[in-house]
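*Asks:* Structure supplied as protein.txt; contents: compact mmCIF, C-alpha atoms.
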# COMPACT_ATOMS: atom_id res chain seq x y z
CA MET A 1 19.94 14.80 36.40
CA LEU A 2 22.11 13.38 39.22
CA GLU A 3 19.32 14.16 41.69
CA LYS A 4 16.90 12.06 39.61
CA ILE A 5 19.43 9.23 39.33
CA PHE A 6 19.86 9.07 43.12
CA ARG A 7 16.09 9.27 43.62
CA HIS A 8 15.48 6.37 41.21
CA PHE A 9 18.64 4.42 42.14
CA GLY A 10 16.71 1.33 43.28
CA ARG A 11 14.74 1.18 40.03
CA TYR A 12 17.95 1.63 37.99
CA GLN A 13 19.44 -1.37 39.79
CA GLU A 14 16.33 -3.43 39.11
CA ILE A 15 16.35 -2.58 35.38
CA LEU A 16 20.08 -3.32 35.08
CA SER A 17 19.65 -6.63 36.88
CA VAL A 18 16.89 -7.76 34.49
CA LEU A 19 18.95 -6.75 31.43
CA ILE A 20 22.05 -8.58 32.66
CA ARG A 21 20.04 -11.66 33.65
CA ASN A 22 18.70 -11.86 30.09
CA GLY A 23 22.09 -11.27 28.47
CA PHE A 24 21.48 -7.68 27.40
CA GLY A 25 23.58 -4.55 27.58
CA PHE A 26 23.81 -1.55 25.30
CA ILE A 27 24.64 -4.09 22.56
CA LEU A 28 20.85 -4.62 22.43
CA LEU A 29 20.40 -1.53 20.30
CA GLU A 30 22.90 -2.68 17.69
CA ASN A 31 21.25 -6.08 17.42
CA MET A 32 17.78 -4.56 17.01
CA GLY A 33 18.79 -3.39 13.57
CA LEU A 34 19.50 0.22 14.55
CA GLY A 35 22.49 0.52 12.28
CA ASN A 36 22.96 -3.24 11.85
CA GLN A 37 20.99 -4.60 8.90
CA GLY A 38 22.81 -7.96 8.73
CA VAL A 39 20.82 -9.78 11.39
CA THR A 40 18.86 -12.75 10.01
CA GLU A 41 15.11 -13.14 10.49
CA VAL A 42 15.70 -16.12 12.81
CA GLY A 43 18.11 -14.00 14.83
CA MET A 44 15.54 -11.20 14.99
CA THR A 45 12.87 -13.62 16.23
CA ARG A 46 15.13 -14.92 19.01
CA LEU A 47 16.02 -11.36 19.95
CA GLY A 48 12.32 -10.47 19.99
CA GLN A 49 11.64 -13.36 22.40
CA ARG A 50 14.33 -12.11 24.78
CA ILE A 51 13.08 -8.52 24.56
CA ARG A 52 9.56 -9.75 25.37
CA ARG A 53 10.85 -11.56 28.47
CA VAL A 54 12.74 -8.47 29.64
CA LEU A 55 9.74 -6.18 29.20
CA SER A 56 7.47 -8.62 31.03
CA GLU A 57 9.85 -8.77 33.99
CA LEU A 58 10.23 -4.98 34.19
CA GLY A 59 6.52 -4.43 34.77
CA PRO A 60 3.58 -2.29 33.60
CA THR A 61 5.39 0.65 31.97
CA PHE A 62 7.70 -1.58 29.98
CA VAL A 63 4.90 -3.96 28.98
CA LYS A 64 3.09 -0.89 27.64
CA ILE A 65 6.28 0.19 25.85
CA GLY A 66 6.35 -3.19 24.11
CA GLN A 67 2.67 -2.96 23.19
CA PHE A 68 3.21 0.58 21.90
CA ALA A 69 6.31 -0.46 19.95
CA SER A 70 4.25 -3.17 18.26
CA THR A 71 2.23 -0.35 16.66
CA ARG A 72 5.38 1.09 15.03
CA PRO A 73 6.37 -1.23 12.15
CA ASP A 74 8.00 1.85 10.61
CA ILE A 75 10.75 1.52 13.25
CA ILE A 76 10.76 -2.03 14.67
CA PRO A 77 11.58 -5.06 12.45
CA ARG A 78 8.63 -7.37 11.73
CA PRO A 79 10.00 -10.49 13.58
CA ILE A 80 10.37 -8.42 16.76
CA ILE A 81 6.92 -6.88 16.24
CA LYS A 82 5.40 -10.38 16.18
CA GLU A 83 6.95 -11.15 19.55
CA LEU A 84 5.91 -7.83 21.07
CA GLU A 85 2.32 -8.49 19.98
CA LYS A 86 2.35 -11.52 22.32
CA LEU A 87 2.99 -9.32 25.35
CA GLN A 88 0.22 -9.77 27.88
CA ASP A 89 -0.46 -7.93 31.12
CA ARG A 90 0.56 -10.63 33.61
CA VAL A 91 0.10 -8.86 36.91
CA PRO A 92 -1.03 -9.95 40.38
CA GLN A 93 -4.56 -9.10 41.41
CA VAL A 94 -5.10 -6.05 43.58
CA PRO A 95 -6.64 -7.16 46.92
CA TYR A 96 -10.37 -6.57 47.17
CA GLU A 97 -10.02 -4.26 50.19
CA VAL A 98 -7.73 -1.97 48.19
CA ILE A 99 -10.18 -1.94 45.27
CA ARG A 100 -13.09 -1.20 47.61
CA ARG A 101 -11.21 1.67 49.24
CA THR A 102 -10.28 3.16 45.85
CA VAL A 103 -13.88 3.02 44.57
CA GLU A 104 -15.25 4.59 47.76
CA GLN A 105 -12.64 7.39 47.72
CA GLU A 106 -13.26 8.14 44.05
CA LEU A 107 -17.07 8.00 44.15
CA GLY A 108 -17.45 9.50 47.61
CA ALA A 109 -19.75 6.91 49.17
CA PRO A 110 -19.64 3.44 50.77
CA LEU A 111 -19.61 0.57 48.29
CA GLN A 112 -22.94 -0.78 49.52
CA ALA A 113 -24.54 2.62 48.86
CA LEU A 114 -23.24 2.60 45.27
CA PHE A 115 -23.90 -1.00 44.19
CA ARG A 116 -26.41 -3.71 45.01
CA ASP A 117 -23.61 -6.25 44.56
CA PHE A 118 -19.88 -6.05 43.81
CA ASN A 119 -17.95 -9.25 43.02
CA PRO A 120 -14.69 -9.27 45.02
CA SER A 121 -12.96 -11.44 42.37
CA PRO A 122 -11.91 -9.56 39.21
CA ILE A 123 -13.01 -10.72 35.77
CA ALA A 124 -9.85 -9.15 34.28
CA ALA A 125 -6.58 -7.81 35.68
CA ALA A 126 -4.26 -5.66 33.56
CA SER A 127 -1.22 -3.50 34.24
CA ILE A 128 -3.15 -0.24 34.72
CA GLY A 129 -6.61 -1.35 35.81
CA GLN A 130 -8.63 -4.23 37.19
CA VAL A 131 -12.23 -5.02 36.16
CA HIS A 132 -14.98 -6.29 38.50
CA TYR A 133 -18.52 -7.44 37.78
CA ALA A 134 -21.18 -5.56 39.77
CA LEU A 135 -24.87 -4.71 39.93
CA LEU A 136 -26.11 -1.16 40.19
CA LYS A 137 -28.84 -0.33 42.70
CA SER A 138 -31.28 -0.63 39.78
CA GLY A 139 -30.13 -4.23 39.24
CA GLU A 140 -28.37 -3.47 35.94
CA PRO A 141 -25.17 -5.51 35.44
CA VAL A 142 -22.02 -3.42 34.96
CA ALA A 143 -18.28 -3.80 34.57
CA VAL A 144 -16.31 -1.57 36.95
CA LYS A 145 -12.75 -0.77 35.89
CA VAL A 146 -10.59 0.40 38.80
CA GLN A 147 -7.11 1.85 38.40
CA ARG A 148 -4.28 0.23 40.35
CA PRO A 149 -3.21 2.33 43.34
CA GLY A 150 0.16 4.03 42.82
CA ILE A 151 0.38 3.06 39.14
CA ALA A 152 0.71 6.71 38.03
CA ARG A 153 3.77 7.14 40.26
CA VAL A 154 5.38 3.92 38.95
CA ILE A 155 4.82 4.99 35.34
CA GLN A 156 6.17 8.50 35.97
CA THR A 157 9.36 7.09 37.55
CA ASP A 158 9.98 4.74 34.61
CA LEU A 159 9.34 7.49 32.04
CA GLU A 160 11.83 9.78 33.80
CA ILE A 161 14.44 7.01 33.77
CA ILE A 162 13.88 6.33 30.04
CA GLU A 163 14.13 10.07 29.30
CA GLU A 164 17.49 10.17 31.13
CA ILE A 165 18.83 7.12 29.27
CA ILE A 166 18.00 8.29 25.71
CA PRO A 167 20.80 10.95 25.49
CA LEU A 168 23.33 8.37 26.73
CA VAL A 169 22.20 5.90 24.08
CA GLU A 170 22.34 8.56 21.35
CA ARG A 171 25.89 9.51 22.33
CA ARG A 172 26.98 5.86 22.31
CA PHE A 173 25.19 5.08 19.02
CA PRO A 174 24.92 8.23 16.81
CA ASN A 175 22.77 6.44 14.20
CA VAL A 176 20.01 6.08 16.80
CA LYS A 177 19.33 9.83 16.45
CA ASN A 178 17.67 9.05 13.10
CA TYR A 179 14.90 7.30 15.04
CA TYR A 180 13.79 10.43 16.96
CA LEU A 181 13.62 8.56 20.28
CA GLN A 182 12.69 11.68 22.25
CA GLY A 183 9.74 12.30 19.92
CA ILE A 184 8.67 8.66 20.16
CA LEU A 185 8.92 8.83 23.96
CA GLY A 186 6.69 11.91 23.92
CA GLU A 187 4.18 10.08 21.72
CA PHE A 188 4.28 7.06 24.04
CA SER A 189 3.86 9.24 27.14
CA ARG A 190 0.72 10.83 25.68
CA TRP A 191 -0.61 7.39 24.75
CA LEU A 192 -0.02 6.14 28.29
CA GLU A 193 -1.50 9.27 29.86
CA HIS A 194 -4.69 8.75 27.83
CA GLU A 195 -4.90 5.13 29.02
CA GLN A 196 -4.78 6.32 32.64
CA ASP A 197 -7.68 8.74 32.13
CA TYR A 198 -10.93 6.78 32.42
CA LEU A 199 -13.01 9.91 31.83
CA ARG A 200 -11.38 10.17 28.42
CA GLU A 201 -11.94 6.46 27.76
CA GLY A 202 -15.64 6.84 28.56
CA LYS A 203 -15.96 9.78 26.17
CA ASN A 204 -14.12 7.80 23.49
CA ALA A 205 -16.64 4.96 23.82
CA GLU A 206 -19.60 7.34 23.53
CA THR A 207 -18.09 9.19 20.55
CA ILE A 208 -17.61 6.00 18.52
CA ALA A 209 -20.97 4.59 19.61
CA LYS A 210 -22.83 7.63 18.20
CA GLY A 211 -22.13 6.42 14.68
CA PHE A 212 -23.89 3.10 15.37
CA VAL A 213 -27.01 4.20 17.23
CA LYS A 214 -29.21 2.86 14.41
CA ASP A 215 -27.18 -0.33 13.91
CA PRO A 216 -28.43 -3.08 16.27
CA GLN A 217 -25.70 -5.46 15.10
CA VAL A 218 -22.80 -3.43 16.56
CA ILE A 219 -22.83 -2.95 20.34
CA PHE A 220 -20.90 -0.55 22.56
CA PRO A 221 -21.06 -0.37 26.37
CA SER A 222 -23.03 2.49 27.93
CA ILE A 223 -21.12 4.68 30.39
CA PHE A 224 -22.58 5.42 33.82
CA TRP A 225 -21.14 8.85 34.54
CA SER A 226 -22.50 8.98 38.11
CA HIS A 227 -20.17 6.05 38.88
CA THR A 228 -17.19 7.21 36.79
CA THR A 229 -14.09 9.30 37.57
CA ARG A 230 -10.58 9.55 36.18
CA ARG A 231 -9.65 6.37 38.12
CA VAL A 232 -12.95 4.43 38.11
CA LEU A 233 -14.95 3.60 34.96
CA THR A 234 -18.40 2.01 35.19
CA MET A 235 -19.98 0.70 32.00
CA SER A 236 -22.71 -1.71 31.02
CA TYR A 237 -21.59 -5.32 31.11
CA VAL A 238 -21.14 -6.72 27.60
CA GLU A 239 -21.36 -10.51 27.63
CA GLY A 240 -20.13 -12.57 24.70
CA ILE A 241 -17.36 -14.73 23.25
CA LYS A 242 -14.04 -12.96 22.75
CA LEU A 243 -12.70 -13.21 19.21
CA ASN A 244 -9.60 -15.02 20.45
CA ASP A 245 -11.86 -18.02 21.18
CA ARG A 246 -12.02 -18.82 17.46
CA GLU A 247 -13.15 -22.46 17.74
CA LYS A 248 -16.16 -21.64 19.89
CA ILE A 249 -17.21 -18.80 17.57
CA LEU A 250 -16.98 -20.92 14.42
CA ALA A 251 -18.96 -23.70 16.13
CA LEU A 252 -21.87 -21.31 16.74
CA TYR A 253 -21.73 -18.71 13.98
CA ASP A 254 -20.84 -18.14 10.32
CA GLY A 255 -17.23 -16.92 10.33
CA LYS A 256 -17.66 -15.06 7.05
CA LYS A 257 -20.64 -13.04 8.33
CA ILE A 258 -18.82 -12.15 11.54
CA ALA A 259 -15.76 -11.07 9.55
CA GLU A 260 -17.86 -8.92 7.20
CA LEU A 261 -19.72 -7.26 10.07
CA LEU A 262 -16.50 -6.56 11.96
CA SER A 263 -14.62 -5.14 8.97
CA HIS A 264 -17.62 -3.05 7.90
CA SER A 265 -18.00 -1.53 11.38
CA LEU A 266 -14.30 -0.68 11.77
CA LEU A 267 -14.05 0.75 8.25
CA LEU A 268 -17.11 2.91 8.93
CA GLN A 269 -15.37 4.25 12.02
CA ILE A 270 -12.32 5.15 9.93
CA VAL A 271 -13.84 6.45 6.70
CA ARG A 272 -17.20 7.85 7.81
CA ASP A 273 -16.59 9.01 11.38
CA GLY A 274 -12.84 9.65 11.47
CA VAL A 275 -12.76 8.22 15.02
CA PHE A 276 -11.85 4.55 15.32
CA HIS A 277 -10.94 1.87 17.85
CA GLY A 278 -7.14 2.00 17.89
CA ASP A 279 -6.58 -1.42 19.48
CA PRO A 280 -9.04 -3.86 17.83
CA HIS A 281 -7.22 -7.02 18.85
CA PRO A 282 -9.30 -10.19 19.46
CA GLY A 283 -9.41 -9.63 23.23
CA ASN A 284 -11.21 -6.30 22.75
CA ILE A 285 -13.96 -7.58 20.43
CA MET A 286 -16.72 -10.04 21.32
CA VAL A 287 -19.33 -11.98 19.41
CA LEU A 288 -22.68 -11.58 21.15
CA SER A 289 -25.94 -13.48 20.78
CA GLU A 290 -27.47 -13.61 17.30
CA GLY A 291 -24.07 -12.94 15.72
CA LYS A 292 -23.79 -9.33 16.87
CA ILE A 293 -20.36 -7.90 17.70
CA GLY A 294 -19.36 -5.77 20.67
CA PHE A 295 -16.35 -3.49 21.13
CA VAL A 296 -14.77 -2.92 24.56
CA ASP A 297 -11.73 -1.07 25.95
CA PHE A 298 -11.40 2.39 24.40
CA GLY A 299 -8.13 3.50 25.97
CA ILE A 300 -6.55 3.84 22.52
CA VAL A 301 -8.58 5.66 19.87
CA GLY A 302 -7.44 7.04 16.51
CA ASN A 303 -8.64 10.34 15.08
CA LEU A 304 -8.59 11.30 11.41
CA THR A 305 -9.53 14.89 10.63
CA SER A 306 -11.19 15.81 7.33
CA GLY A 307 -7.80 17.10 6.18
CA MET A 308 -6.12 13.79 6.96
CA LYS A 309 -8.84 11.86 5.15
CA ARG A 310 -8.43 14.09 2.09
CA LYS A 311 -4.68 13.39 2.06
CA LEU A 312 -5.47 9.68 2.26
CA PHE A 313 -7.98 10.12 -0.57
CA ASN A 314 -5.31 11.79 -2.75
CA LEU A 315 -3.05 8.78 -2.28
CA ILE A 316 -5.87 6.33 -3.14
CA ILE A 317 -6.74 8.30 -6.30
CA ALA A 318 -3.08 8.29 -7.35
CA LEU A 319 -2.92 4.53 -6.76
CA ASN A 320 -6.06 3.96 -8.83
CA ARG A 321 -4.68 6.07 -11.68
CA ARG A 322 -1.29 4.33 -11.51
CA ASN A 323 0.29 7.79 -11.39
CA ILE A 324 3.67 7.33 -9.68
CA LYS A 325 4.43 11.07 -9.58
CA ALA A 326 1.07 11.81 -7.93
CA MET A 327 1.64 8.90 -5.51
CA THR A 328 4.97 10.40 -4.48
CA LYS A 329 3.45 13.82 -3.87
CA ALA A 330 0.53 12.32 -1.94
CA LEU A 331 2.87 10.28 0.25
CA LEU A 332 4.96 13.37 1.00
CA GLN A 333 1.77 15.19 2.01
CA LEU A 334 1.07 12.47 4.59
CA GLY A 335 4.35 12.93 6.45
CA LEU A 336 6.84 15.53 7.52
CA THR A 337 9.33 15.67 4.65
CA PRO A 338 13.06 16.11 5.32
CA LYS A 339 14.80 18.87 3.37
CA ASN A 340 17.15 16.43 1.64
CA VAL A 341 14.49 14.05 0.30
CA GLU A 342 15.34 12.70 -3.17
CA PHE A 343 12.09 12.91 -5.10
CA GLN A 344 13.38 10.76 -7.96
CA SER A 345 14.63 8.01 -5.65
CA LEU A 346 11.35 8.01 -3.72
CA SER A 347 9.39 7.77 -6.99
CA GLN A 348 11.47 4.80 -8.11
CA ASP A 349 10.87 3.00 -4.81
CA LEU A 350 7.13 3.70 -5.08
CA ALA A 351 7.06 2.38 -8.64
CA GLU A 352 8.70 -0.84 -7.44
CA MET A 353 6.17 -1.13 -4.60
CA TYR A 354 3.32 -0.61 -7.04
CA ARG A 355 4.56 -3.41 -9.32
CA LYS A 356 5.02 -5.70 -6.32
CA HIS A 357 1.70 -5.14 -4.57
CA LEU A 358 -0.82 -3.23 -6.62
CA ASP A 359 -0.39 -4.37 -10.19
CA VAL A 360 -2.28 -7.56 -9.22
CA PRO A 361 -5.97 -8.40 -8.68
CA ILE A 362 -7.15 -6.64 -5.51
CA GLY A 363 -8.14 -9.90 -3.84
CA GLN A 364 -4.49 -11.00 -4.00
CA VAL A 365 -3.12 -7.91 -2.21
CA ALA A 366 -1.29 -8.95 0.98
CA LEU A 367 -2.09 -5.94 3.16
CA HIS A 368 0.41 -6.76 5.91
CA LYS A 369 3.29 -6.95 3.41
CA PHE A 370 2.11 -3.77 1.70
CA VAL A 371 1.97 -1.83 5.00
CA ASP A 372 5.36 -3.24 6.01
CA ASP A 373 6.88 -2.00 2.76
CA CYS A 374 5.21 1.41 3.16
CA MET A 375 6.70 1.77 6.64
CA ASN A 376 10.13 0.64 5.46
CA LEU A 377 9.93 3.13 2.62
CA ALA A 378 9.04 5.95 5.04
CA LEU A 379 11.95 4.95 7.26
CA ARG A 380 14.41 4.72 4.37
CA HIS A 381 13.51 8.21 3.12
CA GLU A 382 13.17 9.65 6.65
CA LEU A 383 9.49 10.52 6.27
CA ASP A 384 7.98 11.17 9.69
CA LEU A 385 4.45 9.80 9.36
CA PRO A 386 1.84 11.19 11.80
CA PRO A 387 0.96 8.80 14.66
CA GLU A 388 -2.67 8.70 13.43
CA PHE A 389 -1.65 7.09 10.14
CA VAL A 390 0.68 4.64 11.85
CA LEU A 391 -2.15 3.65 14.23
CA LEU A 392 -4.51 3.34 11.24
CA GLY A 393 -2.09 0.96 9.53
CA LYS A 394 -1.75 -1.11 12.69
CA SER A 395 -5.54 -1.33 13.13
CA LEU A 396 -6.00 -2.48 9.53
CA LEU A 397 -3.27 -5.09 9.93
CA THR A 398 -4.94 -6.40 13.09
CA LEU A 399 -8.28 -6.48 11.30
CA GLU A 400 -6.79 -8.40 8.39
CA GLY A 401 -5.41 -11.03 10.78
CA ILE A 402 -8.80 -11.45 12.48
CA ILE A 403 -10.61 -11.75 9.14
CA HIS A 404 -8.16 -14.37 7.94
CA ASP A 405 -8.68 -16.43 11.11
CA LEU A 406 -12.48 -16.29 10.71
CA ASP A 407 -12.51 -16.97 6.97
CA PRO A 408 -9.20 -17.53 5.08
CA THR A 409 -10.94 -16.99 1.72
CA MET A 410 -11.78 -13.35 2.49
CA SER A 411 -9.60 -10.37 1.55
CA LEU A 412 -9.58 -7.06 3.40
CA ALA A 413 -8.52 -5.39 0.16
CA GLU A 414 -11.82 -6.54 -1.39
CA LEU A 415 -13.81 -5.38 1.65
CA VAL A 416 -12.24 -1.90 1.46
CA LYS A 417 -13.38 -1.32 -2.15
CA PRO A 418 -16.91 0.00 -1.38
CA PHE A 419 -15.49 2.61 0.99
CA ARG A 420 -13.58 4.36 -1.78
CA LYS A 421 -16.86 5.81 -3.05
CA ARG A 422 -17.57 7.32 0.37
CA LEU A 423 -14.15 8.98 0.36
CA VAL A 424 -14.84 10.39 -3.11
CA ILE A 425 -18.20 11.84 -2.01
CA GLU A 426 -16.65 13.44 1.06
CA HIS A 427 -13.71 14.80 -0.92
CA PHE A 428 -15.99 16.52 -3.41
CA ALA A 429 -18.53 17.65 -0.82
CA ILE A 430 -20.06 21.04 -1.71
CA GLY A 431 -19.45 22.35 1.80
CA TYR A 432 -15.74 21.65 1.60
CA TRP A 433 -15.24 23.44 -1.71
CA LEU A 434 -17.51 26.33 -0.70
CA ASN A 435 -15.31 26.85 2.33
CA LYS A 436 -12.23 26.76 0.06
CA ILE A 437 -13.72 29.47 -2.21
CA LEU A 438 -14.68 31.69 0.75
CA THR A 439 -11.21 31.30 2.25
CA PHE A 440 -9.62 32.20 -1.10
CA LYS A 441 -11.82 35.32 -1.36
CA ARG A 442 -10.82 36.44 2.13
CA VAL A 443 -7.13 36.04 1.20
CA LEU A 444 -7.64 38.16 -1.95
CA LYS A 445 -9.39 40.93 0.01
CA ALA A 446 -6.61 40.96 2.56
Go ahead and render the structure in this file as structure tokens.

*Replies:*
Amino acid sequence: MLEKIFRHFGRYQEILSVLIRNGFGFILLENMGLGNQGVTEVGMTRLGQRIRRVLSELGPTFVKIGQFASTRPDIIPRPIIKELEKLQDRVPQVPYEVIRRTVEQELGAPLQALFRDFNPSPIAAASIGQVHYALLKSGEPVAVKVQRPGIARVIQTDLEIIEEIIPLVERRFPNVKNYYLQGILGEFSRWLEHEQDYLREGKNAETIAKGFVKDPQVIFPSIFWSHTTRRVLTMSYVEGIKLNDREKILALYDGKKIAELLSHSLLLQIVRDGVFHGDPHPGNIMVLSEGKIGFVDFGIVGNLTSGMKRKLFNLIIALNRRNIKAMTKALLQLGLTPKNVEFQSLSQDLAEMYRKHLDVPIGQVALHKFVDDCMNLALRHELDLPPEFVLLGKSLLTLEGIIHDLDPTMSLAELVKPFRKRLVIEHFAIGYWLNKILTFKRVLKA
């Protein structure tokens, strides 16, 4: 450990300097609510603003930590989540000569042999990659995403430092152990590793796009594999208005129709395909000509297996039947259950949640408050929900916010209703139960 500390000494100094400059020390953890539940919402908001400033100053890895943390409302208080969601990749542009050299090294040919034209000025610059507009030799317009040189080494250094700090924090604040920081760091490291692999991102885009081949209203970029490696991703250029330009969209299109198309396409990804865009924020979705929508940036993708969807179905059925006992069992099936869970206490909390959120007309369900309460309930009873379900909840919350901005009269809870039938059909699929019977027979013979 000492060897790593000496090797990363300069970075340690930089991190400490930023924390001190922003008035932070180890007291930060106590104020975040880890063992201190008396902090007011206003205090939490101010703390969130300071945390956001610190993460921005510390660079790409820490910006990504903040963005990742914003997907974990089961751990981070809502006022801090709102501030973390504002984190943007504010990074200097990589010089064109460096980008050119990276592309040529990765693709094994001079730039002029690969592209008819390559715009030296980026159309987007983020912490991990920079995007340039270009024309293939065929004349087809493309977006070329190029990874920042040395970014993998920077991220690895920061992750090693964080891994070294966690045991010190846990010794200083024993209650922090309840938050499984090592496990969360492992989850974050995998998330970040996936974002650095452009081959994986290209495959993610193609996998999701397969479900919409016959739907001309939902557009995904095509991947040009001859011009793609782990560090360079070339895809068709998707031109449109990003959803964060709300005024321009509403001036040209019907907000309700855009909201319906968007929610329908994302819910199809979740319920039908089990593979969904895990970061559908307004910057990653565009409105194209004729009111079509286009998805971009597939670094974060959620996967729901058939087994996961069946567990989700069991919870929905229990909710529909108002069966608190079945709801409790279904919720326990979703997460890793601690040995000391109090079934009766959990059932009582679920009953209270049901009265608060679900014993009302579905159009009046406030999804963000419902998900918040679900996460708080999981935290209170130490249920370790799988990352896929946490990401699903975050995606739905993001979708609800977008829908509300486009048309405040719409309710995501209403839009979800037709998809219940699809879950029912899949749950009772003949193939699934035939497989169950065959498996049971094999067990008996054994």

*Asks:* Quick one: residues within 12 Å of Gly202 (chain A), all atoms listed in the file counted, chain neighbours fewer than 6 positions away excluded, as an MDAnalysis selection string?

*Replies:* chainID A and resid 144:145 194:196 208:209 220:236 296:301

*Asks:* CA of Thr207 (chain A) and CA of Gly274 (chain A), how far apart in Å?

*Replies:*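 We find that CA of Gly274 (chain A) and CA of Thr207 (chain A) lie 10.5 Å from each other.
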
*Asks:* Taking all atoms of region 142-145 of chain A that the file lists and extending 6 Å past them on each side, where is the centre of the axis-aligned box and how long are its edges? Answer in Å to one decimal, as lines of an AutoDock Vina configuration file.

*Replies:*
center_x = -17.4
center_y = -2.3
center_z = 35.8
size_x = 21.3
size_y = 15.0
size_z = 14.4

*Asks:* Which neighbours of region 340-349 of chain A fall inside 9 Å, counting all atoms listed in the file, when residues of the same chain fewer than 5 positions from it are skipped, and could you give them as a list of chain:residue names?

*Replies:*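 Everything that qualifies: A:Ile324, A:Lys325, A:Met327, A:Thr328, A:Lys329, A:Tyr354, A:Leu377, A:His381, A:Glu382, A:Leu383.
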
*Asks:* As a PyMOL selection string, please: the residues near region 387-403 of chain A (cut-off 10 Å, only C-alpha atoms, same-chain neighbours under 2 positions excluded).

*Replies:* chain A and resi 68+70-74+184+187+243-244+246+255-256+258-260+262-263+266-267+270+276-282+300-305+308-309+312+334-335+366-372+374-375+384-385+405-413

*Asks:* Could you tell me which of A:Met353, A:Val271, A:Arg11, A:Ala109 comes closest to Phe313 (chain A) if we count all atoms listed in the file?

*Replies:*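 The shortest atom-to-atom distance to Phe313 (chain A) comes from A:Val271.
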
*Asks:* So what do you get for CA of Gly183 (chain A) versus CA of Ala69 (chain A), distance-wise?

*Replies:*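 CA of Gly183 (chain A) sits 13.2 Å away from CA of Ala69 (chain A).
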
*Asks:* Tell me which of A:Leu268, A:Ser127, A:Arg200, A:Met286 sits closest to Ile241 (chain A), counting all atoms listed in the file.

*Replies:*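 Ranking A:Leu268, A:Ser127, A:Arg200, A:Met286 by distance to Ile241 (chain A), first place goes to A:Met286.
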
*Asks:* If you measure from CA of Lys82 (chain A) to CA of Pro386 (chain A), what distance in Å do you get, rounded to one decimal?

*Replies:* 22.3 Å

*Asks:* With distances taken over all atoms listed in the file, which residue among A:Gly283, A:Pro92, A:Gly307, A:Gly139 lies nearest Leu114 (chain A)?

*Replies:*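 When distances to Leu114 (chain A) are compared using all atoms listed in the file, the smallest one comes from A:Gly139.
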
*Asks:* Between A:Asn119, A:Asn22, A:Ser17, A:Gln156, which is the closest to Ala143 (chain A) once you count all atoms listed in the file?

*Replies:*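 Counting all atoms listed in the file, the residue closest to Ala143 (chain A) is A:Asn119.
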
*Asks:* Which residue out of A:Ile99, A:Ile51, A:Leu185, A:Leu168 has the minimum interatomic distance to Val146 (chain A) when all atoms listed in the file are used?

*Replies:*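 That would be A:Ile99, the residue with the smallest distance to Val146 (chain A).
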
*Asks:* Using all atoms listed in the file, which of A:Pro79, A:Asn284, A:Lys86, A:Glu170 sits nearest Ala124 (chain A)?

*Replies:*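 For Ala124 (chain A), the nearest of the candidates is A:Asn284.
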
*Asks:* Using only C-alpha atoms, collect all residues at a distance of at most 12 Å from (-6.2, -4.4, 44.4) as written in the file, then present them as a PyMOL selection string.

*Replies:* chain A and resi 91-103+120-122+124-132+145-151

*Asks:* At most 12 Å from (-24.1, -14.1, 17.2), file frame, all atoms listed in the file: which residues, as a PyMOL selection string?

*Replies:* chain A and resi 216-219+239-243+248-255+257-259+261-262+286-294

*Asks:* Using C-alpha atoms, can you export the residues from the last selection as a PDB file, keeping the file's coordinate frame?

*Replies:*
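Once everything was written out, this is out.pdb:
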ATOM      1  CA  PRO A 216     -28.430  -3.080  16.270  1.00  0.00           C
ATOM      2  CA  GLN A 217     -25.700  -5.460  15.100  1.00  0.00           C
ATOM      3  CA  VAL A 218     -22.800  -3.430  16.560  1.00  0.00           C
ATOM      4  CA  ILE A 219     -22.830  -2.950  20.340  1.00  0.00           C
ATOM      5  CA  GLU A 239     -21.360 -10.510  27.630  1.00  0.00           C
ATOM      6  CA  GLY A 240     -20.130 -12.570  24.700  1.00  0.00           C
ATOM      7  CA  ILE A 241     -17.360 -14.730  23.250  1.00  0.00           C
ATOM      8  CA  LYS A 242     -14.040 -12.960  22.750  1.00  0.00           C
ATOM      9  CA  LEU A 243     -12.700 -13.210  19.210  1.00  0.00           C
ATOM     10  CA  LYS A 248     -16.160 -21.640  19.890  1.00  0.00           C
ATOM     11  CA  ILE A 249     -17.210 -18.800  17.570  1.00  0.00           C
ATOM     12  CA  LEU A 250     -16.980 -20.920  14.420  1.00  0.00           C
ATOM     13  CA  ALA A 251     -18.960 -23.700  16.130  1.00  0.00           C
ATOM     14  CA  LEU A 252     -21.870 -21.310  16.740  1.00  0.00           C
ATOM     15  CA  TYR A 253     -21.730 -18.710  13.980  1.00  0.00           C
ATOM     16  CA  ASP A 254     -20.840 -18.140  10.320  1.00  0.00           C
ATOM     17  CA  GLY A 255     -17.230 -16.920  10.330  1.00  0.00           C
ATOM     18  CA  LYS A 257     -20.640 -13.040   8.330  1.00  0.00           C
ATOM     19  CA  ILE A 258     -18.820 -12.150  11.540  1.00  0.00           C
ATOM     20  CA  ALA A 259     -15.760 -11.070   9.550  1.00  0.00           C
ATOM     21  CA  LEU A 261     -19.720  -7.260  10.070  1.00  0.00           C
ATOM     22  CA  LEU A 262     -16.500  -6.560  11.960  1.00  0.00           C
ATOM     23  CA  MET A 286     -16.720 -10.040  21.320  1.00  0.00           C
ATOM     24  CA  VAL A 287     -19.330 -11.980  19.410  1.00  0.00           C
ATOM     25  CA  LEU A 288     -22.680 -11.580  21.150  1.00  0.00           C
ATOM     26  CA  SER A 289     -25.940 -13.480  20.780  1.00  0.00           C
ATOM     27  CA  GLU A 290     -27.470 -13.610  17.300  1.00  0.00           C
ATOM     28  CA  GLY A 291     -24.070 -12.940  15.720  1.00  0.00           C
ATOM     29  CA  LYS A 292     -23.790  -9.330  16.870  1.00  0.00           C
ATOM     30  CA  ILE A 293     -20.360  -7.900  17.700  1.00  0.00           C
ATOM     31  CA  GLY A 294     -19.360  -5.770  20.670  1.00  0.00           C
TER      32      GLY A 294
END
